[in-house]
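*Asks:* Just so it is clear, I am handing over entry.cif, which has mmCIF, C-alpha atoms.
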```
data_entry
loop_
_atom_site.label_atom_id
_atom_site.label_comp_id
_atom_site.auth_asym_id
_atom_site.auth_seq_id
_atom_site.Cartn_x
_atom_site.Cartn_y
_atom_site.Cartn_z
CA MET A 1 85.00 -118.18 -19.32
CA PRO A 2 88.48 -116.67 -18.80
CA GLU A 3 89.79 -115.91 -15.34
CA HIS A 4 89.19 -112.34 -14.23
CA SER A 5 91.31 -110.29 -11.87
CA ILE A 6 90.08 -109.81 -8.34
CA ILE A 7 89.45 -106.12 -9.15
CA HIS A 8 87.15 -107.12 -12.00
CA SER A 9 85.43 -109.61 -9.69
CA PHE A 10 84.93 -106.88 -7.08
CA PHE A 11 83.47 -104.62 -9.77
CA LEU A 12 80.93 -107.29 -10.76
CA ILE A 13 80.05 -108.11 -7.16
CA PHE A 14 79.58 -104.62 -5.77
CA SER A 15 78.04 -103.07 -8.88
CA GLY A 16 75.74 -106.04 -9.22
CA ALA A 17 74.93 -105.96 -5.51
CA ALA A 18 74.08 -102.26 -5.70
CA LEU A 19 71.77 -102.86 -8.67
CA LEU A 20 70.07 -105.94 -7.25
CA ALA A 21 69.84 -104.41 -3.76
CA SER A 22 68.00 -101.43 -5.26
CA VAL A 23 65.41 -103.77 -6.75
CA VAL A 24 65.17 -105.74 -3.50
CA LEU A 25 64.67 -102.62 -1.37
CA TYR A 26 62.08 -101.19 -3.76
CA THR A 27 60.13 -104.44 -3.41
CA ARG A 28 60.68 -104.32 0.40
CA GLN A 29 62.65 -107.56 0.64
CA PRO A 30 65.63 -108.34 2.94
CA ILE A 31 68.84 -107.01 1.38
CA LEU A 32 70.71 -110.24 2.26
CA VAL A 33 68.59 -112.02 -0.35
CA ALA A 34 70.14 -109.80 -3.03
CA TYR A 35 73.70 -110.77 -2.10
CA ILE A 36 72.96 -114.53 -2.03
CA ALA A 37 70.99 -114.39 -5.30
CA LEU A 38 73.77 -112.42 -7.01
CA GLY A 39 76.29 -115.08 -5.97
CA ALA A 40 74.15 -117.82 -7.50
CA ILE A 41 73.77 -115.79 -10.73
CA LEU A 42 77.40 -114.72 -11.23
CA GLY A 43 79.18 -117.67 -9.56
CA PRO A 44 80.77 -120.81 -11.03
CA PHE A 45 77.44 -122.66 -11.24
CA GLY A 46 75.60 -119.69 -12.76
CA LEU A 47 77.01 -117.40 -15.47
CA ASN A 48 80.55 -118.09 -14.22
CA TYR A 49 81.54 -114.42 -14.33
CA VAL A 50 83.15 -114.78 -10.89
CA SER A 51 84.84 -118.17 -10.89
CA ASP A 52 87.17 -118.00 -7.89
CA ALA A 53 84.41 -118.15 -5.27
CA ARG A 54 86.69 -119.95 -2.80
CA LEU A 55 89.13 -117.02 -2.70
CA LEU A 56 86.26 -114.61 -2.17
CA SER A 57 84.93 -116.83 0.61
CA GLU A 58 88.28 -116.69 2.40
CA ILE A 59 88.37 -112.90 2.02
CA ALA A 60 84.78 -112.69 3.23
CA GLU A 61 85.63 -114.51 6.44
CA ILE A 62 87.30 -111.29 7.55
CA GLY A 63 83.80 -109.82 7.71
CA ILE A 64 82.74 -112.50 10.17
CA ILE A 65 85.82 -111.78 12.27
CA PHE A 66 85.08 -108.04 12.40
CA LEU A 67 81.42 -108.75 13.17
CA LEU A 68 82.35 -110.78 16.26
CA PHE A 69 85.01 -108.25 17.28
CA LEU A 70 82.51 -105.38 17.15
CA LEU A 71 79.98 -107.41 19.09
CA GLY A 72 82.55 -108.05 21.82
CA LEU A 73 83.19 -104.32 22.06
CA ASP A 74 79.55 -103.81 23.05
CA MET A 75 79.58 -106.34 25.91
CA GLN A 76 80.75 -106.21 29.50
CA PRO A 77 82.64 -109.38 30.59
CA SER A 78 80.65 -109.77 33.83
CA ASN A 79 77.31 -109.72 31.99
CA LEU A 80 78.55 -112.22 29.42
CA MET A 81 79.72 -114.72 32.06
CA ARG A 82 76.30 -114.59 33.69
CA MET A 83 74.63 -115.26 30.35
CA LEU A 84 76.97 -118.16 29.51
CA ARG A 85 76.07 -119.89 32.77
CA LYS A 86 72.39 -119.57 31.96
CA ALA A 87 72.77 -120.60 28.31
CA THR A 88 74.92 -123.74 28.72
CA LEU A 89 72.13 -126.22 29.46
CA VAL A 90 69.86 -124.61 26.85
CA ALA A 91 72.57 -124.87 24.18
CA LEU A 92 73.28 -128.55 24.91
CA ILE A 93 69.64 -129.72 25.03
CA SER A 94 68.57 -127.69 21.99
CA SER A 95 71.54 -128.95 19.93
CA LEU A 96 70.58 -132.57 20.66
CA ALA A 97 66.96 -131.86 19.71
CA PHE A 98 67.89 -130.24 16.38
CA ALA A 99 70.33 -133.06 15.59
CA ALA A 100 67.58 -135.63 16.16
CA ILE A 101 65.24 -133.80 13.77
CA GLY A 102 67.85 -133.64 11.02
CA TYR A 103 68.81 -137.29 11.53
CA VAL A 104 65.21 -138.52 11.24
CA VAL A 105 64.47 -136.45 8.12
CA ALA A 106 67.65 -137.62 6.35
CA LEU A 107 66.90 -141.27 7.15
CA ALA A 108 63.33 -140.84 5.92
CA PHE A 109 64.63 -139.70 2.52
CA GLY A 110 66.93 -142.70 2.11
CA TYR A 111 70.30 -141.30 3.17
CA SER A 112 72.72 -143.68 4.88
CA GLN A 113 73.22 -143.82 8.66
CA VAL A 114 76.49 -141.91 8.36
CA GLU A 115 74.99 -139.23 6.12
CA ALA A 116 71.98 -138.90 8.42
CA ILE A 117 74.30 -138.38 11.41
CA ILE A 118 76.23 -135.65 9.55
CA VAL A 119 73.00 -133.97 8.44
CA GLY A 120 71.81 -134.10 12.05
CA CYS A 121 75.06 -132.53 13.28
CA ALA A 122 74.71 -129.75 10.70
CA MET A 123 71.26 -128.86 12.05
CA MET A 124 72.54 -128.29 15.60
CA PHE A 125 73.83 -124.76 15.17
CA SER A 126 72.44 -121.29 14.48
CA SER A 127 74.11 -118.74 12.24
CA THR A 128 76.49 -116.31 13.92
CA ILE A 129 76.31 -114.07 10.86
CA ILE A 130 72.51 -113.87 10.59
CA GLY A 131 71.93 -113.81 14.33
CA ILE A 132 74.31 -110.91 14.94
CA LYS A 133 73.75 -109.05 11.66
CA LEU A 134 70.05 -108.69 12.56
CA LEU A 135 70.73 -107.74 16.18
CA PRO A 136 70.53 -104.08 17.26
CA THR A 137 73.59 -103.16 19.32
CA THR A 138 72.91 -99.55 20.30
CA ALA A 139 69.47 -99.82 21.93
CA LEU A 140 69.94 -100.38 25.65
CA HIS A 141 66.76 -102.44 26.05
CA HIS A 142 68.15 -104.99 23.58
CA ARG A 143 71.40 -105.58 25.44
CA HIS A 144 69.99 -108.46 27.50
CA THR A 145 68.55 -110.14 24.39
CA GLY A 146 71.85 -109.63 22.60
CA GLU A 147 73.83 -111.13 25.47
CA LEU A 148 71.60 -114.21 25.43
CA VAL A 149 71.91 -114.60 21.66
CA VAL A 150 75.69 -114.21 21.74
CA GLY A 151 76.10 -116.52 24.72
CA MET A 152 74.15 -119.20 22.89
CA LEU A 153 76.12 -118.71 19.67
CA LEU A 154 79.46 -118.92 21.45
CA LEU A 155 78.49 -122.16 23.16
CA GLN A 156 77.30 -123.55 19.83
CA ASP A 157 80.65 -122.54 18.31
CA LEU A 158 82.41 -124.65 20.93
CA ILE A 159 80.13 -127.61 20.19
CA ALA A 160 80.77 -127.12 16.46
CA ILE A 161 84.53 -127.16 17.04
CA VAL A 162 84.18 -130.51 18.84
CA VAL A 163 82.14 -131.89 15.91
CA LEU A 164 84.76 -130.70 13.41
CA LEU A 165 87.58 -132.21 15.46
CA VAL A 166 85.74 -135.53 15.67
CA LEU A 167 85.11 -135.47 11.91
CA GLY A 168 88.80 -134.84 11.37
CA GLY A 169 89.61 -137.92 13.44
CA TYR A 170 87.59 -140.27 11.26
CA GLY A 171 88.57 -141.75 7.97
CA GLN A 172 86.58 -142.75 4.95
CA PRO A 173 83.44 -144.89 5.33
CA THR A 174 83.68 -148.65 4.95
CA ALA A 175 81.92 -150.63 2.26
CA ASP A 176 78.80 -151.03 4.38
CA GLY A 177 78.53 -147.25 4.86
CA GLU A 178 79.82 -147.15 8.44
CA LEU A 179 82.63 -144.84 9.52
CA ALA A 180 86.06 -146.39 9.86
CA ASN A 181 87.33 -144.97 13.15
CA ASN A 182 90.93 -143.84 12.89
CA SER A 183 90.87 -143.28 16.67
CA ALA A 184 89.44 -139.78 16.81
CA ASN A 185 91.79 -138.26 19.31
CA VAL A 186 89.81 -137.41 22.44
CA ILE A 187 92.94 -135.99 24.05
CA ASP A 188 93.35 -133.53 21.17
CA ILE A 189 89.75 -132.39 21.56
CA LEU A 190 90.06 -131.89 25.32
CA THR A 191 93.39 -130.11 24.88
CA THR A 192 91.87 -127.73 22.35
CA LEU A 193 88.97 -126.88 24.67
CA ALA A 194 91.36 -126.44 27.59
CA THR A 195 93.23 -123.75 25.67
CA LEU A 196 90.18 -121.47 25.75
CA PRO A 197 90.54 -120.24 29.35
CA LEU A 198 94.31 -119.92 28.84
CA LEU A 199 93.71 -117.77 25.76
CA VAL A 200 91.23 -115.59 27.67
CA VAL A 201 93.69 -115.02 30.53
CA ALA A 202 96.57 -114.21 28.15
CA VAL A 203 94.42 -111.78 26.15
CA PHE A 204 93.11 -109.88 29.17
CA LEU A 205 96.59 -109.60 30.68
CA THR A 206 97.94 -108.26 27.38
CA VAL A 207 95.15 -105.69 27.23
CA ARG A 208 95.73 -104.58 30.80
CA TYR A 209 99.50 -104.20 30.59
CA VAL A 210 100.06 -103.37 26.90
CA ILE A 211 97.00 -102.39 24.82
CA VAL A 212 95.40 -100.00 27.31
CA LYS A 213 98.71 -98.22 27.86
CA LEU A 214 99.22 -97.81 24.12
CA ILE A 215 95.68 -96.47 23.68
CA THR A 216 96.13 -94.03 26.56
CA GLN A 217 99.50 -92.84 25.23
CA PHE A 218 98.42 -92.30 21.61
CA ASP A 219 94.63 -91.84 21.73
CA ARG A 220 94.83 -88.53 19.84
CA PHE A 221 96.26 -90.32 16.77
CA HIS A 222 93.06 -91.75 15.31
CA GLU A 223 94.80 -93.60 12.50
CA TYR A 224 96.98 -95.40 15.03
CA ILE A 225 93.96 -96.46 17.12
CA PHE A 226 92.32 -97.79 13.95
CA LEU A 227 95.42 -99.83 13.04
CA LEU A 228 95.89 -101.07 16.60
CA ALA A 229 92.26 -102.25 16.75
CA ILE A 230 92.50 -104.17 13.46
CA GLY A 231 95.85 -105.68 14.39
CA TRP A 232 94.57 -106.73 17.81
CA CYS A 233 91.39 -108.27 16.36
CA LEU A 234 93.14 -110.26 13.64
CA GLY A 235 96.07 -111.20 15.88
CA VAL A 236 93.91 -112.79 18.58
CA ALA A 237 91.73 -114.44 15.92
CA VAL A 238 94.75 -116.08 14.26
CA LEU A 239 96.15 -117.12 17.66
CA ALA A 240 92.84 -118.79 18.53
CA LYS A 241 92.91 -120.61 15.19
CA GLN A 242 96.45 -121.83 15.86
CA LEU A 243 95.29 -123.19 19.22
CA GLY A 244 92.56 -125.24 17.54
CA LEU A 245 89.68 -122.90 18.30
CA SER A 246 87.99 -120.70 15.69
CA LEU A 247 88.79 -117.31 14.23
CA GLU A 248 85.36 -116.12 15.36
CA ILE A 249 85.93 -117.06 19.01
CA GLY A 250 89.31 -115.32 18.95
CA ALA A 251 87.84 -112.15 17.46
CA PHE A 252 85.06 -112.04 20.04
CA ILE A 253 87.55 -112.47 22.90
CA ALA A 254 89.65 -109.67 21.39
CA GLY A 255 86.61 -107.39 21.33
CA ILE A 256 85.32 -108.09 24.80
CA SER A 257 88.82 -107.70 26.26
CA ILE A 258 88.78 -103.98 25.44
CA ALA A 259 85.04 -103.42 25.93
CA THR A 260 85.66 -101.57 29.19
CA SER A 261 88.06 -99.12 27.53
CA PRO A 262 86.63 -95.62 26.87
CA ILE A 263 87.86 -95.87 23.28
CA SER A 264 85.81 -99.01 22.51
CA GLN A 265 82.80 -97.16 21.06
CA TYR A 266 85.04 -95.06 18.81
CA ILE A 267 86.63 -98.25 17.46
CA ALA A 268 83.22 -99.91 16.97
CA GLU A 269 81.83 -96.97 15.00
CA HIS A 270 84.80 -96.71 12.65
CA LEU A 271 85.05 -100.43 11.88
CA LYS A 272 81.40 -100.87 10.82
CA PRO A 273 81.93 -99.87 7.14
CA LEU A 274 84.86 -102.29 6.88
CA ARG A 275 82.72 -105.05 8.39
CA ASP A 276 79.88 -104.44 5.92
CA PHE A 277 82.27 -104.50 2.95
CA PHE A 278 83.44 -108.01 3.81
CA LEU A 279 79.95 -109.27 4.73
CA VAL A 280 78.72 -108.50 1.21
CA LEU A 281 81.47 -110.82 -0.02
CA PHE A 282 80.46 -113.49 2.51
CA PHE A 283 76.85 -113.67 1.38
CA PHE A 284 77.88 -113.50 -2.28
CA SER A 285 80.28 -116.43 -1.83
CA LEU A 286 77.52 -118.35 -0.05
CA GLY A 287 75.29 -118.13 -3.13
CA ALA A 288 78.21 -118.74 -5.52
CA ALA A 289 79.22 -122.00 -3.80
CA PHE A 290 75.90 -123.72 -4.42
CA ASN A 291 75.68 -126.09 -7.41
CA LEU A 292 72.31 -125.33 -8.99
CA GLY A 293 72.55 -128.53 -11.03
CA LEU A 294 71.98 -130.67 -7.93
CA LEU A 295 69.06 -128.61 -6.65
CA GLY A 296 66.43 -130.89 -8.18
CA GLN A 297 67.77 -133.91 -6.28
CA VAL A 298 67.67 -132.29 -2.84
CA ILE A 299 64.94 -129.68 -3.05
CA VAL A 300 62.19 -131.68 -1.30
CA PRO A 301 64.16 -132.80 1.78
CA ALA A 302 65.93 -129.41 1.88
CA VAL A 303 62.64 -127.50 1.95
CA LEU A 304 61.26 -129.84 4.61
CA LEU A 305 64.38 -129.48 6.75
CA ALA A 306 64.38 -125.71 6.34
CA ILE A 307 60.71 -125.40 7.32
CA LEU A 308 61.17 -127.66 10.34
CA MET A 309 64.23 -125.75 11.54
CA VAL A 310 62.69 -122.30 11.05
CA ALA A 311 59.45 -123.42 12.72
CA LEU A 312 60.80 -125.56 15.57
CA LYS A 313 63.96 -123.74 16.64
CA PRO A 314 62.04 -120.75 18.07
CA VAL A 315 59.64 -123.09 19.88
CA ILE A 316 62.40 -125.20 21.43
CA PHE A 317 64.53 -122.21 22.41
CA ARG A 318 61.49 -120.46 23.88
CA PHE A 319 60.56 -123.52 25.94
CA LEU A 320 64.09 -124.00 27.31
CA LEU A 321 64.73 -120.30 28.02
CA TYR A 322 61.35 -119.90 29.71
CA ARG A 323 62.30 -122.76 32.04
CA GLU A 324 65.45 -120.76 32.84
CA LYS A 325 63.19 -117.95 34.12
CA GLU A 326 63.55 -115.71 31.07
CA PRO A 327 60.48 -113.52 30.27
CA ASN A 328 58.22 -115.04 27.64
CA ASP A 329 58.70 -112.24 25.08
CA ILE A 330 62.50 -112.34 25.37
CA ALA A 331 62.51 -116.16 25.14
CA TRP A 332 60.49 -115.97 21.91
CA GLU A 333 62.67 -113.22 20.43
CA VAL A 334 65.90 -115.12 21.14
CA GLY A 335 64.33 -118.23 19.63
CA PHE A 336 63.39 -116.43 16.42
CA ARG A 337 66.79 -114.76 16.16
CA LEU A 338 68.44 -118.20 16.40
CA GLY A 339 65.95 -119.90 14.11
CA GLN A 340 68.26 -120.79 11.21
CA ILE A 341 71.10 -123.17 10.34
CA SER A 342 74.72 -122.07 10.72
CA GLU A 343 77.64 -121.30 8.43
CA PHE A 344 79.37 -123.96 10.56
CA SER A 345 76.92 -126.40 8.93
CA LEU A 346 78.40 -125.49 5.55
CA LEU A 347 81.88 -126.15 6.92
CA ILE A 348 80.75 -129.53 8.29
CA ALA A 349 79.31 -130.40 4.87
CA TYR A 350 82.54 -129.38 3.13
CA LEU A 351 84.80 -131.31 5.50
CA ALA A 352 82.63 -134.44 5.43
CA THR A 353 82.48 -134.36 1.63
CA SER A 354 86.20 -133.77 1.14
CA SER A 355 86.90 -136.70 3.51
CA LEU A 356 84.47 -138.87 1.49
CA ILE A 357 82.34 -139.43 4.60
CA ILE A 358 79.22 -138.22 2.77
CA GLY A 359 78.35 -137.81 -0.91
CA GLN A 360 77.74 -134.65 -2.93
CA GLU A 361 73.97 -135.04 -2.67
CA ALA A 362 73.99 -135.08 1.15
CA SER A 363 76.38 -132.13 1.15
CA HIS A 364 74.07 -130.11 -1.08
CA LEU A 365 71.10 -131.06 1.06
CA ILE A 366 72.83 -129.33 3.99
CA GLN A 367 73.83 -126.34 1.86
CA ALA A 368 70.35 -125.87 0.37
CA ALA A 369 68.64 -126.19 3.75
CA ALA A 370 71.07 -123.68 5.27
CA ILE A 371 70.54 -121.08 2.53
CA LEU A 372 66.76 -121.50 2.71
CA THR A 373 66.78 -120.98 6.50
CA PHE A 374 68.98 -117.89 6.08
CA ILE A 375 66.38 -116.35 3.77
CA LEU A 376 63.22 -117.52 5.57
CA ASN A 377 64.47 -116.61 9.04
CA THR A 378 65.66 -113.19 7.86
CA TYR A 379 62.11 -112.43 6.71
CA LEU A 380 60.66 -113.54 10.03
CA VAL A 381 63.08 -111.46 12.10
CA ILE A 382 62.99 -108.22 10.13
CA LEU A 383 59.19 -108.26 9.92
CA ARG A 384 58.77 -108.97 13.63
CA TYR A 385 61.70 -107.54 15.59
CA PRO A 386 64.02 -104.50 15.49
CA SER A 387 67.07 -104.96 13.26
CA PRO A 388 69.58 -102.83 11.32
CA ILE A 389 68.05 -103.89 7.96
CA ALA A 390 64.36 -103.87 8.90
CA ILE A 391 62.00 -102.91 6.08
CA SER A 392 59.87 -100.82 8.43
CA ASP A 393 61.32 -97.54 9.72
CA LYS A 394 59.67 -98.31 13.06
CA LEU A 395 61.72 -101.52 13.48
CA ARG A 396 65.01 -100.31 12.02
CA ARG A 397 67.69 -100.14 14.74
CA ASP A 398 71.46 -100.25 14.22
#
```
As structure tokens, what does this structure read like?
*Replies:*
Amino acid sequence: MPEHSIIHSFFLIFSGAALLASVVLYTRQPILVAYIALGAILGPFGLNYVSDARLLSEIAEIGIIFLLFLLGLDMQPSNLMRMLRKATLVALISSLAFAAIGYVVALAFGYSQVEAIIVGCAMMFSSTIIGIKLLPTTALHHRHTGELVVGMLLLQDLIAIVVLLVLGGYGQPTADGELANNSANVIDILTTLATLPLLVVAVFLTVRYVIVKLITQFDRFHEYIFLLAIGWCLGVAVLAKQLGLSLEIGAFIAGISIATSPISQYIAEHLKPLRDFFLVLFFFSLGAAFNLGLLGQVIVPAVLLAILMVALKPVIFRFLLYREKEPNDIAWEVGFRLGQISEFSLLIAYLATSSLIIGQEASHLIQAAAILTFILNTYLVILRYPSPIAISDKLRRD
């Protein structure tokens, strides 16, 4: 199949997504399923009509950045700090519990100790994309739930960064399957985490003395406000990446830093279409990256892992949040909204595979389990709780 231009690829993706989404909506299914399925059909391991899935994945990451930026715009810093204090212990204990489940399942299906550890690490996190995409942001009575969900996801992002840094510090496995430690640099990890408060201080000072003054001076020029918002979002995201954090954390900090500005809601409303454009590409690239030829080898453990994660994550989160004095209904809702595996899990699988720490089969086990939890958990949330893509008009909230 010859290489197509990116314009031709966009034509196939968005025309195909429109067609498949129409079928999905008529049959009252979650629209995210259409995007993932289309990626599998048109991608390199399907019909190969869109072969450069990696480029599309990099473009699609902009959608994740805008998603976190818009979420930050809807949050007050004081409320977020309160939620982070409450969520820290819950995030740590739950991550250890999910890692243990993944580790045991992988060992039971004959994977090596190293592969089982990596599979366990990949189970620790919930999806920022799914969790926030299905979260209403305009209904006031969902603000507390949203703050809890976001607080948990941010803490998980920090844990994921530590895992990725540790993986980067290890070399290839030895002949007996154990990791050869190339002295994973603990100092580098601590230094990276220490940059977070410094980044937050620098960002808030810049907003106070530069960004707010620019907005106040030129608020009648809507095009300028639009450009300033995009530049600020991407600039802080890239800075965070350079400091060893993640683009997503940087984008969220950029958003929350101007959340108290009167112009924040105007920015949020006008960036939503841009966010949705890139998120279609993200879910398409997710489906396109999966090698269907290896599905038969991993389908049984992947299905088991997916079912365990979707079933047990809400229970564990509910138990831990209830002990933190959260109301029972809110504890359950947060648990269901976090009841999937993360896109960070896909990154862990990619890094571990490229470093020859795990094999292709273990990598595809993680990928298959993640995609299955994305789909299964989306069904559970949109059928049970308010969301922007709910099938029922009664539950649809943007």
*Asks:* Tell me, in Å to one decimal, how far CA of Glu61 (chain A) is from CA of Tyr26 (chain A).
*Replies:*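 About the pair CA of Glu61 (chain A) and CA of Tyr26 (chain A): they are 28.9 Å apart.
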*Asks:* Please identify all polymer residues lying at most 7 Å from the point (77.6, -111.1, 8.7) (file coordinates), using all atoms listed in the file, and present the result as JSON, numbers by chain.
*Replies:* {"A": [63, 64, 67, 129, 130, 133, 279]}
*Asks:* Taking the file as shown, what set of residues would the PyMOL selection byres ((chain A and resi 284) around 6) give back, as a PyMOL selection string?
*Replies:* chain A and resi 35-36+39+281-283+285-287
*Asks:* Let me know the residues the PyMOL selection byres ((chain A and resi 374-390) around 8) catches in the file above, as a ChimeraX atom specification.
*Replies:* /A:29-33,130,133-136,310,333,336-337,339-341,370-373,391-398
*Asks:* So that I can see what lies close to region 120-125 of chain A, please list as a PDB file with C-alpha atoms, keeping the file's coordinate frame the residues with an atom at most 9 Å from it, counting only C-alpha atoms and leaving out residues fewer than 2 positions away in the same chain.
*Replies:*
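So the final result, stored in part_15.pdb, reads:
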```
ATOM      1  CA  SER A  94      68.570-127.690  21.990  1.00  0.00           C
ATOM      2  CA  SER A  95      71.540-128.950  19.930  1.00  0.00           C
ATOM      3  CA  LEU A  96      70.580-132.570  20.660  1.00  0.00           C
ATOM      4  CA  ALA A  97      66.960-131.860  19.710  1.00  0.00           C
ATOM      5  CA  PHE A  98      67.890-130.240  16.380  1.00  0.00           C
ATOM      6  CA  ALA A  99      70.330-133.060  15.590  1.00  0.00           C
ATOM      7  CA  ALA A 100      67.580-135.630  16.160  1.00  0.00           C
ATOM      8  CA  ILE A 101      65.240-133.800  13.770  1.00  0.00           C
ATOM      9  CA  GLY A 102      67.850-133.640  11.020  1.00  0.00           C
ATOM     10  CA  TYR A 103      68.810-137.290  11.530  1.00  0.00           C
ATOM     11  CA  VAL A 104      65.210-138.520  11.240  1.00  0.00           C
ATOM     12  CA  VAL A 105      64.470-136.450   8.120  1.00  0.00           C
ATOM     13  CA  ALA A 106      67.650-137.620   6.350  1.00  0.00           C
ATOM     14  CA  GLU A 115      74.990-139.230   6.120  1.00  0.00           C
ATOM     15  CA  ALA A 116      71.980-138.900   8.420  1.00  0.00           C
ATOM     16  CA  ILE A 117      74.300-138.380  11.410  1.00  0.00           C
ATOM     17  CA  ILE A 118      76.230-135.650   9.550  1.00  0.00           C
ATOM     18  CA  SER A 127      74.110-118.740  12.240  1.00  0.00           C
ATOM     19  CA  THR A 128      76.490-116.310  13.920  1.00  0.00           C
ATOM     20  CA  LEU A 153      76.120-118.710  19.670  1.00  0.00           C
ATOM     21  CA  GLN A 156      77.300-123.550  19.830  1.00  0.00           C
ATOM     22  CA  ASP A 157      80.650-122.540  18.310  1.00  0.00           C
ATOM     23  CA  ILE A 159      80.130-127.610  20.190  1.00  0.00           C
ATOM     24  CA  ALA A 160      80.770-127.120  16.460  1.00  0.00           C
ATOM     25  CA  VAL A 163      82.140-131.890  15.910  1.00  0.00           C
ATOM     26  CA  LEU A 305      64.380-129.480   6.750  1.00  0.00           C
ATOM     27  CA  MET A 309      64.230-125.750  11.540  1.00  0.00           C
ATOM     28  CA  LEU A 338      68.440-118.200  16.400  1.00  0.00           C
ATOM     29  CA  GLN A 340      68.260-120.790  11.210  1.00  0.00           C
ATOM     30  CA  ILE A 341      71.100-123.170  10.340  1.00  0.00           C
ATOM     31  CA  SER A 342      74.720-122.070  10.720  1.00  0.00           C
ATOM     32  CA  GLU A 343      77.640-121.300   8.430  1.00  0.00           C
ATOM     33  CA  PHE A 344      79.370-123.960  10.560  1.00  0.00           C
ATOM     34  CA  SER A 345      76.920-126.400   8.930  1.00  0.00           C
ATOM     35  CA  LEU A 346      78.400-125.490   5.550  1.00  0.00           C
ATOM     36  CA  LEU A 347      81.880-126.150   6.920  1.00  0.00           C
ATOM     37  CA  ILE A 348      80.750-129.530   8.290  1.00  0.00           C
ATOM     38  CA  ALA A 349      79.310-130.400   4.870  1.00  0.00           C
ATOM     39  CA  ILE A 366      72.830-129.330   3.990  1.00  0.00           C
ATOM     40  CA  ALA A 370      71.070-123.680   5.270  1.00  0.00           C
TER      41      ALA A 370
END
```
*Asks:* Just how far from CA of Ile330 (chain A) is CA of Ala311 (chain A), in Å to one decimal?
*Replies:*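 Distance between the two atoms: 17.1 Å.
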*Asks:* Need the shell around Ala237 (chain A): protein/DNA/RNA residues with any atom at most 9 Å away, counting all atoms listed in the file. Skip same-chain ones fewer than 5 positions apart. Format as a VMD selection string?
*Replies:* chain A and resid 65 232 242 246 to 254
*Asks:* For a quick check of understanding, using only C-alpha atoms, which of A:Leu56, A:Val162, A:Ala229, A:Leu193 has the smallest distance to Leu243 (chain A)?
*Replies:* A:Leu193
*Asks:* Could you state the separation of CA of Phe319 (chain A) and CA of Gly131 (chain A) in Å, given to one decimal place?
*Replies:*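 One can read the CA of Phe319 (chain A) to CA of Gly131 (chain A) distance as 18.9 Å.
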*Asks:* What residues come out when you apply the PyMOL selection byres ((chain A and resi 89) around 12) to this file, written as a PDB file with C-alpha atoms, in the coordinates of the input?
*Replies:*
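Contents of the output file expr.pdb:
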```
ATOM      1  CA  MET A  83      74.630-115.260  30.350  1.00  0.00           C
ATOM      2  CA  LEU A  84      76.970-118.160  29.510  1.00  0.00           C
ATOM      3  CA  ARG A  85      76.070-119.890  32.770  1.00  0.00           C
ATOM      4  CA  LYS A  86      72.390-119.570  31.960  1.00  0.00           C
ATOM      5  CA  ALA A  87      72.770-120.600  28.310  1.00  0.00           C
ATOM      6  CA  THR A  88      74.920-123.740  28.720  1.00  0.00           C
ATOM      7  CA  VAL A  90      69.860-124.610  26.850  1.00  0.00           C
ATOM      8  CA  ALA A  91      72.570-124.870  24.180  1.00  0.00           C
ATOM      9  CA  LEU A  92      73.280-128.550  24.910  1.00  0.00           C
ATOM     10  CA  ILE A  93      69.640-129.720  25.030  1.00  0.00           C
ATOM     11  CA  SER A  94      68.570-127.690  21.990  1.00  0.00           C
ATOM     12  CA  SER A  95      71.540-128.950  19.930  1.00  0.00           C
ATOM     13  CA  LEU A  96      70.580-132.570  20.660  1.00  0.00           C
ATOM     14  CA  GLY A 151      76.100-116.520  24.720  1.00  0.00           C
ATOM     15  CA  MET A 152      74.150-119.200  22.890  1.00  0.00           C
ATOM     16  CA  LEU A 155      78.490-122.160  23.160  1.00  0.00           C
ATOM     17  CA  GLN A 156      77.300-123.550  19.830  1.00  0.00           C
ATOM     18  CA  PHE A 317      64.530-122.210  22.410  1.00  0.00           C
ATOM     19  CA  LEU A 320      64.090-124.000  27.310  1.00  0.00           C
ATOM     20  CA  LEU A 321      64.730-120.300  28.020  1.00  0.00           C
ATOM     21  CA  ARG A 323      62.300-122.760  32.040  1.00  0.00           C
ATOM     22  CA  GLU A 324      65.450-120.760  32.840  1.00  0.00           C
TER      23      GLU A 324
END
```
*Asks:* Given all atoms listed in the file as the basis, pick out the residue of A:Phe66, A:Pro327, A:Leu19, A:Leu295 nearest to Leu274 (chain A).
*Replies:*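 Checking each of A:Phe66, A:Pro327, A:Leu19, A:Leu295 against Leu274 (chain A), counting all atoms listed in the file, the winner is A:Phe66.
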*Asks:* A:Leu190, A:Val212, A:Ala306, A:Ile13: which is nearest Val166 (chain A), counting all atoms listed in the file?
*Replies:*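 Among the listed residues, A:Leu190 lies closest to Val166 (chain A).
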*Asks:* Tell me which protein, DNA and RNA residues are within 12 Å of Tyr350 (chain A), counting all atoms listed in the file, leaving out same-chain ones fewer than 4 positions away, and put them as an MDAnalysis selection string.
*Replies:* chainID A and resid 54 118:119 122 164 167:168 289:290 343:346 354:367
*Asks:* Which is closest to Ile258 (chain A) among A:Val207, A:Val236, A:Leu47, A:Ala194, if we use all atoms listed in the file?
*Replies:*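 Nearest candidate to Ile258 (chain A) out of A:Val207, A:Val236, A:Leu47, A:Ala194: A:Val207.
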*Asks:* For Leu55 (chain A), which residue among A:Leu271, A:Ile6, A:Leu245, A:Leu20 is the nearest when counting all atoms listed in the file?
*Replies:*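 Checking each of A:Leu271, A:Ile6, A:Leu245, A:Leu20 against Leu55 (chain A), counting all atoms listed in the file, the winner is A:Ile6.
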